[in-house]
>>> print(open('final_31.txt').read())   # compact mmCIF, C-alpha atoms
# COMPACT_ATOMS: atom_id res chain seq x y z
CA MET M 226 84.55 223.00 2.41
CA ALA M 227 82.29 224.61 5.00
CA THR M 228 83.55 227.45 7.18
CA LEU M 229 82.88 227.16 10.90
CA HIS M 230 81.92 230.34 12.73
CA ALA M 231 82.28 230.94 16.45
CA VAL M 232 78.66 231.30 17.54
CA THR M 233 76.61 229.80 20.32
CA PRO M 234 73.94 227.82 18.44
CA THR M 235 71.32 228.32 21.17
CA ASP M 236 71.78 232.12 21.24
CA PRO M 237 68.99 233.50 19.00
CA ALA M 238 70.41 237.03 18.72
CA ALA M 239 73.92 235.80 17.92
CA VAL M 240 72.74 233.40 15.20
CA ALA M 241 70.53 236.07 13.63
CA ALA M 242 73.41 238.56 13.66
CA LEU M 243 75.70 236.04 11.99
CA ALA M 244 73.09 235.36 9.29
CA LEU M 245 72.90 239.07 8.52
CA GLU M 246 76.68 239.43 8.56
CA LEU M 247 77.06 236.60 6.04
CA GLY M 248 74.18 237.77 3.88
CA ALA M 249 72.55 234.36 4.17
CA GLY M 250 69.74 233.61 1.73
CA LEU M 251 68.46 230.73 3.84
CA VAL M 252 69.12 229.57 7.39
CA VAL M 253 68.38 225.95 8.30
CA VAL M 254 68.14 225.35 12.04
CA GLY M 255 68.86 221.69 12.61
CA PRO M 256 69.11 220.64 16.27
CA GLU M 257 66.18 220.68 18.65
CA ALA M 258 67.79 222.78 21.40
CA PRO M 259 68.28 225.91 19.21
CA LEU M 260 64.73 225.50 17.89
CA VAL M 261 63.21 225.38 21.36
CA ALA M 262 65.44 228.33 22.34
CA GLY M 263 63.83 230.44 19.60
CA VAL M 264 66.66 230.71 17.08
CA ALA M 265 64.29 230.37 14.12
CA ASP M 266 62.12 233.18 15.50
CA ALA M 267 65.10 235.55 15.75
CA VAL M 268 66.35 234.75 12.26
CA ARG M 269 62.92 235.33 10.72
CA GLU M 270 62.50 238.57 12.66
CA ALA M 271 65.82 239.70 11.15
CA GLY M 272 64.28 239.27 7.71
CA VAL M 273 66.23 236.16 6.69
CA PRO M 274 64.31 233.16 5.29
CA CYS M 275 64.50 230.35 7.83
CA PHE M 276 63.66 226.67 7.75
CA GLY M 277 62.78 225.58 11.26
CA PRO M 278 59.74 225.92 13.52
CA SER M 279 59.26 228.71 16.01
CA ALA M 280 59.99 228.09 19.67
CA ARG M 281 56.30 227.59 20.36
CA ALA M 282 55.81 225.18 17.46
CA ALA M 283 59.02 223.30 18.34
CA MET M 284 57.38 222.33 21.62
CA LEU M 285 56.00 219.41 19.64
CA GLU M 286 59.40 217.94 20.49
CA GLY M 287 60.24 220.09 23.48
CA SER M 288 57.29 218.77 25.49
CA LYS M 289 55.68 215.35 25.12
CA ALA M 290 52.66 216.67 27.02
CA PHE M 291 52.25 219.57 24.56
CA ALA M 292 52.50 217.16 21.62
CA LYS M 293 49.81 214.95 23.14
CA ASP M 294 47.56 217.97 23.64
CA VAL M 295 47.96 218.98 19.99
CA MET M 296 47.33 215.43 18.79
CA THR M 297 44.18 215.16 20.90
CA ALA M 298 42.84 218.45 19.57
CA ALA M 299 43.67 217.46 15.99
CA GLY M 300 42.21 213.96 16.28
CA VAL M 301 45.54 212.32 15.51
CA PRO M 302 45.71 208.57 16.26
CA THR M 303 48.17 207.99 19.10
CA ALA M 304 48.57 206.05 22.34
CA ARG M 305 46.40 206.84 25.37
CA SER M 306 48.52 208.67 27.92
CA ARG M 307 48.73 210.51 31.22
CA THR M 308 51.04 213.34 32.24
CA CYS M 309 52.49 212.77 35.73
CA VAL M 310 54.48 214.93 38.15
CA THR M 311 54.35 212.88 41.37
CA PRO M 312 55.36 209.28 42.17
CA GLU M 313 51.77 208.52 43.06
CA GLU M 314 50.50 209.75 39.69
CA ALA M 315 53.18 207.75 37.90
CA ALA M 316 52.35 204.56 39.80
CA ALA M 317 48.65 204.95 39.03
CA ALA M 318 49.34 205.51 35.32
CA LEU M 319 51.61 202.47 35.11
CA ASP M 320 48.91 200.32 36.67
CA ALA M 321 46.27 201.76 34.35
CA PHE M 322 48.15 200.96 31.15
CA GLY M 323 50.04 197.85 32.25
CA ALA M 324 53.22 196.31 30.87
CA PRO M 325 55.20 196.89 28.75
CA TYR M 326 55.55 200.23 30.53
CA VAL M 327 56.29 203.32 28.42
CA VAL M 328 57.71 206.28 30.35
CA LYS M 329 58.81 209.45 28.53
CA ASP M 330 60.66 212.43 29.94
CA ASP M 331 58.46 215.40 29.07
CA GLY M 332 61.41 217.58 28.01
CA LEU M 333 64.33 217.34 25.60
CA ALA M 334 66.50 214.31 26.25
CA ALA M 335 68.55 213.86 23.05
CA GLY M 336 66.51 210.84 22.01
CA LYS M 337 67.30 208.96 25.22
CA GLY M 338 64.49 210.07 27.54
CA VAL M 339 62.21 207.11 26.87
CA VAL M 340 62.14 203.86 28.83
CA VAL M 341 60.14 200.87 27.59
CA THR M 342 60.31 198.03 30.08
CA GLU M 343 58.46 195.10 31.63
CA ASP M 344 59.98 196.05 34.99
CA ARG M 345 57.61 198.30 36.97
CA ASP M 346 60.37 199.34 39.40
CA GLU M 347 62.59 200.45 36.51
CA ALA M 348 59.69 202.44 35.08
CA LEU M 349 59.11 204.12 38.44
CA ARG M 350 62.80 204.96 38.79
CA HIS M 351 62.84 206.64 35.41
CA ALA M 352 59.71 208.60 36.26
CA ALA M 353 61.23 209.73 39.56
CA ALA M 354 64.36 210.96 37.76
CA CYS M 355 62.31 213.33 35.58
CA GLU M 356 60.48 216.48 36.63
CA ARG M 357 57.46 215.52 34.56
CA VAL M 358 56.75 212.43 32.50
CA VAL M 359 54.23 211.19 30.00
CA ILE M 360 53.21 207.59 30.64
CA GLU M 361 51.31 205.87 27.89
CA GLU M 362 50.05 202.56 26.62
CA PHE M 363 52.47 200.45 24.62
CA LEU M 364 51.89 200.48 20.86
CA ASP M 365 52.60 197.08 19.36
CA GLY M 366 53.73 196.78 15.74
CA PRO M 367 56.64 197.61 13.44
CA GLU M 368 57.91 201.18 13.64
CA VAL M 369 58.16 203.56 10.69
CA SER M 370 59.64 207.06 10.43
CA LEU M 371 58.15 209.68 8.13
CA PHE M 372 59.52 213.20 7.55
CA ALA M 373 57.11 215.86 6.31
CA LEU M 374 58.29 219.25 5.04
CA CYS M 375 55.93 222.02 6.17
CA ASP M 376 55.51 225.67 5.14
CA GLY M 377 53.06 226.78 7.82
CA SER M 378 49.87 225.85 6.01
CA THR M 379 50.59 222.66 4.09
CA ALA M 380 53.11 219.81 3.97
CA VAL M 381 54.67 217.23 1.65
CA PRO M 382 56.09 213.84 2.69
CA LEU M 383 59.51 212.40 2.12
CA GLN M 384 60.12 208.68 1.61
CA PRO M 385 59.46 206.58 4.76
CA ALA M 386 62.31 204.77 6.54
CA GLN M 387 62.73 202.41 9.45
CA ASP M 388 65.02 203.16 12.40
CA HIS M 389 66.51 200.72 14.93
CA LYS M 390 66.39 202.38 18.35
CA ARG M 391 67.76 199.75 20.72
CA ALA M 392 71.49 199.53 21.29
CA TYR M 393 72.03 195.85 20.51
CA ASP M 394 71.02 193.14 18.08
CA GLY M 395 67.51 191.77 18.30
CA ASP M 396 66.20 195.07 19.69
CA ALA M 397 67.91 194.40 23.01
CA GLY M 398 69.41 196.92 25.39
CA PRO M 399 68.54 200.55 26.16
CA ASN M 400 66.98 203.06 23.80
CA THR M 401 69.42 205.19 21.82
CA GLY M 402 69.20 208.02 19.34
CA GLY M 403 69.21 205.33 16.64
CA MET M 404 71.66 202.61 15.60
CA GLY M 405 70.80 202.33 11.92
CA ALA M 406 68.08 202.76 9.32
CA TYR M 407 67.06 201.85 5.80
CA THR M 408 64.75 202.83 2.95
CA PRO M 409 62.62 201.99 0.98
CA LEU M 410 60.19 199.91 3.01
CA THR M 411 59.01 197.41 0.44
CA TRP M 412 56.91 195.64 3.09
CA ALA M 413 54.96 198.74 4.19
CA PRO M 414 51.19 198.76 3.56
CA GLU M 415 50.10 200.35 0.30
CA GLY M 416 48.98 203.92 0.81
CA LEU M 417 50.74 204.27 4.17
CA THR M 418 52.29 207.67 3.39
CA GLU M 419 49.02 209.10 2.14
CA GLN M 420 47.19 207.80 5.21
CA VAL M 421 49.72 209.33 7.62
CA MET M 422 49.61 212.64 5.81
CA SER M 423 45.80 212.81 5.90
CA GLU M 424 45.32 211.46 9.44
CA THR M 425 48.36 212.92 11.20
CA VAL M 426 50.51 215.51 9.44
CA ILE M 427 47.91 217.78 7.84
CA PRO M 428 45.65 217.78 10.94
CA THR M 429 48.66 218.67 13.12
CA VAL M 430 49.80 221.50 10.83
CA THR M 431 46.23 222.77 10.64
CA GLU M 432 45.78 222.69 14.42
CA LEU M 433 49.02 224.58 15.01
CA ALA M 434 48.02 227.21 12.45
CA ARG M 435 44.63 227.52 14.18
CA ARG M 436 46.49 228.24 17.43
CA GLY M 437 48.45 231.02 15.77
CA THR M 438 51.60 228.88 15.75
CA PRO M 439 52.22 227.98 12.11
CA TYR M 440 54.71 225.14 11.66
CA THR M 441 57.54 225.84 9.22
CA GLY M 442 60.19 223.15 9.05
CA VAL M 443 60.42 219.39 9.09
CA LEU M 444 57.97 217.39 11.16
CA TYR M 445 59.28 213.97 12.07
CA VAL M 446 56.54 211.44 12.75
CA GLY M 447 57.53 208.25 14.58
CA LEU M 448 54.83 205.64 13.99
CA ALA M 449 53.81 202.20 15.15
CA LEU M 450 51.87 200.17 12.60
CA THR M 451 49.35 198.66 15.00
CA ALA M 452 46.53 196.24 14.24
CA LYS M 453 44.24 199.29 14.27
CA GLY M 454 46.36 201.27 11.84
CA PRO M 455 49.32 203.65 12.15
CA LYS M 456 49.54 205.54 15.44
CA VAL M 457 52.00 208.25 16.48
CA ILE M 458 54.70 207.31 18.98
CA GLU M 459 56.37 210.72 18.95
CA PHE M 460 56.95 213.93 17.05
CA ASN M 461 60.33 215.57 16.49
CA ALA M 462 60.80 219.11 15.18
CA ARG M 463 63.87 218.35 13.07
CA PHE M 464 65.59 215.96 10.73
CA GLY M 465 66.71 213.07 12.91
CA ASP M 466 69.46 210.61 12.26
CA PRO M 467 69.95 207.89 11.25
CA GLU M 468 66.81 208.03 9.06
CA THR M 469 67.85 211.33 7.47
CA GLN M 470 71.01 209.77 6.10
CA VAL M 471 69.13 207.18 4.04
CA VAL M 472 66.13 209.32 3.07
CA LEU M 473 68.24 212.20 1.77
CA ASP M 474 70.54 209.76 -0.01
CA ARG M 475 67.58 208.66 -2.13
CA LEU M 476 66.22 212.20 -2.67
CA ALA M 477 66.86 213.37 -6.24
CA THR M 478 65.10 216.74 -5.93
CA PRO M 479 67.59 219.40 -4.72
CA LEU M 480 67.04 219.77 -0.99
CA ALA M 481 67.87 223.49 -0.75
CA GLY M 482 65.02 224.45 -3.07
CA LEU M 483 62.56 222.43 -1.02
CA LEU M 484 63.67 224.01 2.24
CA LEU M 485 63.52 227.52 0.78
CA ALA M 486 59.98 226.87 -0.48
CA CYS M 487 59.00 225.90 3.06
CA ALA M 488 60.66 229.00 4.50
CA GLU M 489 58.90 231.27 1.99
CA GLY M 490 55.50 229.56 2.25
CA THR M 491 55.46 228.48 -1.41
CA LEU M 492 55.49 224.70 -1.01
CA THR M 493 52.15 224.23 -2.80
CA GLY M 494 53.60 225.34 -6.12
CA PHE M 495 56.91 223.52 -5.81
CA GLY M 496 56.02 220.44 -7.85
CA PRO M 497 56.54 216.70 -7.36
CA ILE M 498 59.47 215.31 -5.39
CA ALA M 499 61.71 212.80 -7.18
CA TYR M 500 63.78 209.93 -5.77
CA ARG M 501 66.64 207.84 -7.05
CA ASP M 502 66.04 204.17 -7.71
CA GLY M 503 67.51 201.60 -5.34
CA ALA M 504 67.99 201.51 -1.60
CA ALA M 505 70.13 202.93 1.20
CA VAL M 506 71.14 201.41 4.54
CA THR M 507 73.08 203.16 7.28
CA VAL M 508 74.83 201.53 10.24
CA VAL M 509 75.92 203.57 13.24
CA VAL M 510 79.33 202.90 14.78
CA ALA M 511 79.02 203.81 18.46
CA ALA M 512 81.68 204.49 21.07
CA GLU M 513 82.45 202.15 23.92
CA ASN M 514 79.77 202.31 26.64
CA TYR M 515 77.24 204.16 24.48
CA PRO M 516 74.52 205.19 25.36
CA ASP M 517 75.33 205.35 29.08
CA ASP M 518 78.66 207.19 29.33
CA PRO M 519 80.47 206.90 26.00
CA VAL M 520 84.26 206.85 25.97
CA LYS M 521 85.77 209.71 23.94
CA GLY M 522 89.18 210.47 22.51
CA ASP M 523 89.98 207.13 20.86
CA VAL M 524 91.67 207.18 17.45
CA ILE M 525 89.56 206.12 14.46
CA GLU M 526 91.38 204.19 11.73
CA GLY M 527 90.35 202.64 8.44
CA LEU M 528 88.20 205.53 7.20
CA ALA M 529 89.94 205.71 3.82
CA GLU M 530 89.59 201.94 3.39
CA ALA M 531 85.88 202.16 4.20
CA GLU M 532 85.36 204.84 1.57
CA GLU M 533 86.87 202.51 -1.04
CA VAL M 534 83.90 200.14 -0.79
CA GLU M 535 81.73 200.57 -3.86
CA GLY M 536 78.41 202.17 -3.00
CA ALA M 537 79.45 203.15 0.55
CA TYR M 538 80.47 206.36 2.27
CA VAL M 539 81.07 207.53 5.83
CA LEU M 540 79.35 210.43 7.58
CA HIS M 541 80.97 211.88 10.70
CA ALA M 542 78.82 212.50 13.78
CA GLY M 543 80.80 212.29 17.01
CA THR M 544 84.33 212.93 15.74
CA ALA M 545 87.02 215.57 16.17
CA SER M 546 90.44 216.39 14.75
CA ASP M 547 93.52 215.77 16.88
CA GLY M 548 96.43 216.93 14.78
CA ASP M 549 96.39 214.67 11.73
CA ARG M 550 94.25 212.07 13.48
CA ILE M 551 90.47 211.68 13.74
CA VAL M 552 89.24 210.77 17.22
CA SER M 553 85.88 209.97 18.76
CA SER M 554 84.10 212.86 20.48
CA GLY M 555 80.58 211.56 21.02
CA GLY M 556 78.43 208.50 21.52
CA ARG M 557 77.34 207.82 17.97
CA VAL M 558 80.63 208.32 16.20
CA LEU M 559 80.03 207.46 12.54
CA SER M 560 77.13 206.70 10.23
CA VAL M 561 78.22 204.35 7.47
CA VAL M 562 75.87 204.47 4.47
CA GLY M 563 75.61 201.73 1.89
CA THR M 564 73.68 202.06 -1.37
CA GLY M 565 72.64 199.59 -4.03
CA PRO M 566 69.87 198.40 -6.33
CA ASP M 567 67.99 196.88 -3.39
CA VAL M 568 68.12 196.71 0.41
CA ALA M 569 70.23 193.53 0.40
CA ALA M 570 72.94 195.09 -1.79
CA ALA M 571 72.91 198.35 0.16
CA ARG M 572 73.18 196.44 3.43
CA ASP M 573 76.15 194.42 2.14
CA ALA M 574 77.98 197.61 1.13
CA ALA M 575 77.35 199.27 4.49
CA TYR M 576 78.60 196.33 6.52
CA GLU M 577 81.66 195.79 4.31
CA ALA M 578 82.62 199.40 4.97
CA VAL M 579 81.91 199.10 8.71
CA GLY M 580 84.21 196.07 8.81
CA ARG M 581 87.14 198.19 7.63
CA ILE M 582 86.80 200.79 10.42
CA ARG M 583 88.81 200.37 13.62
CA LEU M 584 87.81 202.13 16.83
CA ARG M 585 88.80 200.61 20.16
CA GLY M 586 85.80 199.42 22.16
CA SER M 587 83.26 200.47 19.55
CA HIS M 588 80.09 198.56 18.85
CA HIS M 589 77.42 198.43 16.17
CA ARG M 590 74.34 196.39 15.44
CA THR M 591 74.73 193.57 12.93
CA ASP M 592 71.02 193.25 12.12
CA ILE M 593 70.17 196.63 10.60
CA ALA M 594 67.57 196.10 7.82
CA HIS M 595 67.60 192.35 8.48
CA GLN M 596 63.80 192.37 8.84
CA ALA M 597 63.46 193.74 5.30
CA LEU M 598 65.21 190.69 3.89
>>> encode(input="final_31.txt", output="structure tokens")
Amino acid sequence: MATLHAVTPTDPAAVAALALELGAGLVVVGPEAPLVAGVADAVREAGVPCFGPSARAAMLEGSKAFAKDVMTAAGVPTARSRTCVTPEEAAAALDAFGAPYVVKDDGLAAGKGVVVTEDRDEALRHAAACERVVIEEFLDGPEVSLFALCDGSTAVPLQPAQDHKRAYDGDAGPNTGGMGAYTPLTWAPEGLTEQVMSETVIPTVTELARRGTPYTGVLYVGLALTAKGPKVIEFNARFGDPETQVVLDRLATPLAGLLLACAEGTLTGFGPIAYRDGAAVTVVVAAENYPDDPVKGDVIEGLAEAEEVEGAYVLHAGTASDGDRIVSSGGRVLSVVGTGPDVAAARDAAYEAVGRIRLRGSHHRTDIAHQAL
């Protein structure tokens, strides 16, 4: 059982002080906001090993424009783009790239700052609502997520996964933080991981080191497998759900040792990473009206019944305790993971468990991993 400590996660000095007080041997900074605030910097300066990029390096997620600049300098394959701050610049960029229009809030937006639409007026409205946006060409092709663990000078990949970003079945509705994911990707091109590492991850880590901003932590690479090869849609500076749930489920190598090797700069000598056989599928149970203005405070029932499904378990995301009851407290409430010898079996386990959970007004996608079948 973990002990919760009263600390503001975006306060670098407070987190570093807590790490010293507890005698922590390793601090893992998860969310993007503390990373951009410089929490990892403060912890390292206090002499505690830390897994998580510095504030400057975390701008790979904190600023889409910064990420594009790094990718251009490193020769990383990605979409052509323009950074815009005025309505006139945004309109010109939309016309230059054409529909579907891709408009990204330059700053942190909890995974919901991107609009992809055929409607030019909608694209302009989103641009106007942001201080600065990156507008880019649409990358056509299936999407793949790859996590790479970095120690400042080198990196190793984890197993690829596929996320489902849109809120509703058939990739309909608004973008979300992710409604489900699965691994392995038996349909992925042979050598995909090696290609992404050589063309994207290593050049990015090398470029950041050249700038005096070594990257220590996990680099999330969101990819589109286009007709011209894999191209980067976005970088994140953290483990992101729901892909993390399935990737770490399959990881057999102890995670703590990997993260400590990254923090101490000894990843090269760590050795090969091992995975469990089989597959994992996770389905997100979201609150009513997610992602717009999710309803909170509703009682969640059926959790014990869901855990009884063979090969399935439930991870809490947006939940809270209310006496002896569990209630919703966020948009993506639960991540229900199913495992099995293949994607079909893992998918069946996940959906059987989802079917036993009761949350008024909740919704979930019914087609997670369907493409893999």
>>> residues_around(input="final_31.txt", residues="Cys309 of chain M", least_positions_apart="6", cutoff="12 Å", atoms="only C-alpha atoms", output="VMD selection string")
chain M and resid 289 to 290 315 to 319 328 to 331 349 352 to 353 355 to 361
>>> closest_residue(input="final_31.txt", among="M:Thr408, M:Ser423, M:Thr438, M:Gln470", to="Val568 of chain M", atoms="all atoms listed in the file")
M:Thr408
>>> axis_aligned_box(input="final_31.txt", around="segment 303-311 of chain M", padding_each_side="8 Å", output="JSON")
{"center_x": 50.4, "center_y": 210.5, "center_z": 30.2, "size_x": 24.1, "size_y": 24.9, "size_z": 38.3}
>>> atom_distance(input="final_31.txt", atom1="atom CA of Val261 of chain M", atom2="atom CA of Ala283 of chain M")
5.6 Å
>>> atom_distance(input="final_31.txt", atom1="atom CA of Glu489 of chain M", atom2="atom CA of Val457 of chain M")
28.1 Å
>>> atom_distance(input="final_31.txt", atom1="atom CA of Leu243 of chain M", atom2="atom CA of Asp547 of chain M")
27.4 Å
>>> closest_residue(input="final_31.txt", among="M:Arg307, M:Arg501, M:Arg585, M:Arg590", to="Arg475 of chain M", atoms="all atoms listed in the file")
M:Arg501
>>> residues_near_point(input="final_31.txt", point="(45.1, 221.5, 11.6)", cutoff="12 Å", atoms="only C-alpha atoms", output="number ranges by chain")
M: 295-301, 377-380, 422-440
>>> closest_residue(input="final_31.txt", among="M:Val472, M:Leu364, M:Ala542, M:Ala348", to="Gly402 of chain M", atoms="all atoms listed in the file")
M:Ala542
>>> residues_around(input="final_31.txt", residues="Glu270 of chain M", least_positions_apart="5", cutoff="12 Å", atoms="only C-alpha atoms", output="MDAnalysis selection string")
chainID M and resid 237:238 240:242 244:245 263:265 275 279
>>> residues_around(input="final_31.txt", residues="Ala597 of chain M", least_positions_apart="6", cutoff="9 Å", atoms="all atoms listed in the file", output="PDB file with C-alpha atoms, in the coordinates of the input")
ATOM      1  CA  TYR M 407      67.060 201.850   5.800  1.00  0.00           C
ATOM      2  CA  LEU M 410      60.190 199.910   3.010  1.00  0.00           C
ATOM      3  CA  THR M 411      59.010 197.410   0.440  1.00  0.00           C
ATOM      4  CA  TRP M 412      56.910 195.640   3.090  1.00  0.00           C
ATOM      5  CA  VAL M 568      68.120 196.710   0.410  1.00  0.00           C
ATOM      6  CA  ALA M 569      70.230 193.530   0.400  1.00  0.00           C
TER       7      ALA M 569
END
>>> residues_around(input="final_31.txt", residues="Thr491 of chain M", least_positions_apart="5", cutoff="12 Å", atoms="all atoms listed in the file", output="count of residues only")
15
>>> residues_around(input="final_31.txt", residues="segment 524-536 of chain M", least_positions_apart="6", cutoff="10 Å", atoms="only C-alpha atoms", output="JSON, numbers by chain")
{"M": [505, 544, 545, 546, 547, 550, 551, 552, 553, 554, 558, 559, 561, 562, 563, 564, 565, 566, 570, 571, 573, 574, 575, 576, 577, 578, 579, 580, 581, 582, 583, 584, 585, 587]}
>>> closest_residue(input="final_31.txt", among="M:Val339, M:Ala413, M:Leu540, M:Leu598", to="Glu459 of chain M", atoms="all atoms listed in the file")
M:Val339
>>> closest_residue(input="final_31.txt", among="M:Leu383, M:Val310, M:Val273, M:Ala512", to="Pro497 of chain M", atoms="only C-alpha atoms")
M:Leu383
>>> closest_residue(input="final_31.txt", among="M:Tyr500, M:Tyr538, M:Tyr445, M:Phe322", to="Ala477 of chain M", atoms="only C-alpha atoms")
M:Tyr500
>>> decode(input="final_31.txt", residues="segment 408-426 of chain M", atoms="N, CA and C atoms", output="short mmCIF file (atom, residue, chain, number, x, y, z; two decimals), in the first residue's frame")
data_model
loop_
_atom_site.label_atom_id
_atom_site.label_comp_id
_atom_site.auth_asym_id
_atom_site.auth_seq_id
_atom_site.Cartn_x
_atom_site.Cartn_y
_atom_site.Cartn_z
N THR M 408 -1.39 -4.22 -27.42
CA THR M 408 -0.09 -4.68 -27.88
C THR M 408 -0.06 -6.19 -27.75
N PRO M 409 0.67 -6.93 -28.62
CA PRO M 409 1.57 -6.46 -29.66
C PRO M 409 0.83 -6.11 -30.95
N LEU M 410 1.57 -5.48 -31.86
CA LEU M 410 1.02 -5.10 -33.16
C LEU M 410 1.53 -6.11 -34.19
N THR M 411 0.79 -7.19 -34.34
CA THR M 411 1.24 -8.26 -35.23
C THR M 411 1.24 -7.83 -36.70
N TRP M 412 0.52 -6.75 -37.01
CA TRP M 412 0.42 -6.27 -38.38
C TRP M 412 1.49 -5.25 -38.73
N ALA M 413 2.24 -4.78 -37.75
CA ALA M 413 3.22 -3.71 -37.99
C ALA M 413 4.33 -4.19 -38.92
N PRO M 414 4.88 -3.29 -39.73
CA PRO M 414 5.96 -3.67 -40.65
C PRO M 414 7.17 -4.22 -39.90
N GLU M 415 7.81 -5.21 -40.48
CA GLU M 415 9.01 -5.78 -39.87
C GLU M 415 10.09 -4.71 -39.77
N GLY M 416 10.74 -4.65 -38.64
CA GLY M 416 11.82 -3.68 -38.45
C GLY M 416 11.35 -2.29 -38.10
N LEU M 417 10.06 -2.13 -37.78
CA LEU M 417 9.52 -0.79 -37.49
C LEU M 417 10.23 -0.17 -36.29
N THR M 418 10.36 -0.91 -35.20
CA THR M 418 10.98 -0.35 -34.00
C THR M 418 12.40 0.11 -34.28
N GLU M 419 13.17 -0.72 -34.95
CA GLU M 419 14.55 -0.37 -35.26
C GLU M 419 14.61 0.87 -36.15
N GLN M 420 13.69 0.98 -37.10
CA GLN M 420 13.67 2.14 -37.99
C GLN M 420 13.36 3.42 -37.21
N VAL M 421 12.38 3.35 -36.31
CA VAL M 421 12.01 4.54 -35.53
C VAL M 421 13.15 4.94 -34.59
N MET M 422 13.81 3.96 -34.02
CA MET M 422 14.93 4.29 -33.14
C MET M 422 16.05 4.99 -33.92
N SER M 423 16.37 4.49 -35.11
CA SER M 423 17.50 5.03 -35.86
C SER M 423 17.16 6.36 -36.53
N GLU M 424 15.90 6.53 -36.96
CA GLU M 424 15.52 7.74 -37.70
C GLU M 424 14.97 8.85 -36.80
N THR M 425 14.45 8.46 -35.62
CA THR M 425 13.75 9.44 -34.79
C THR M 425 14.33 9.57 -33.39
N VAL M 426 14.35 8.48 -32.63
CA VAL M 426 14.70 8.58 -31.21
C VAL M 426 16.16 8.96 -31.01
#
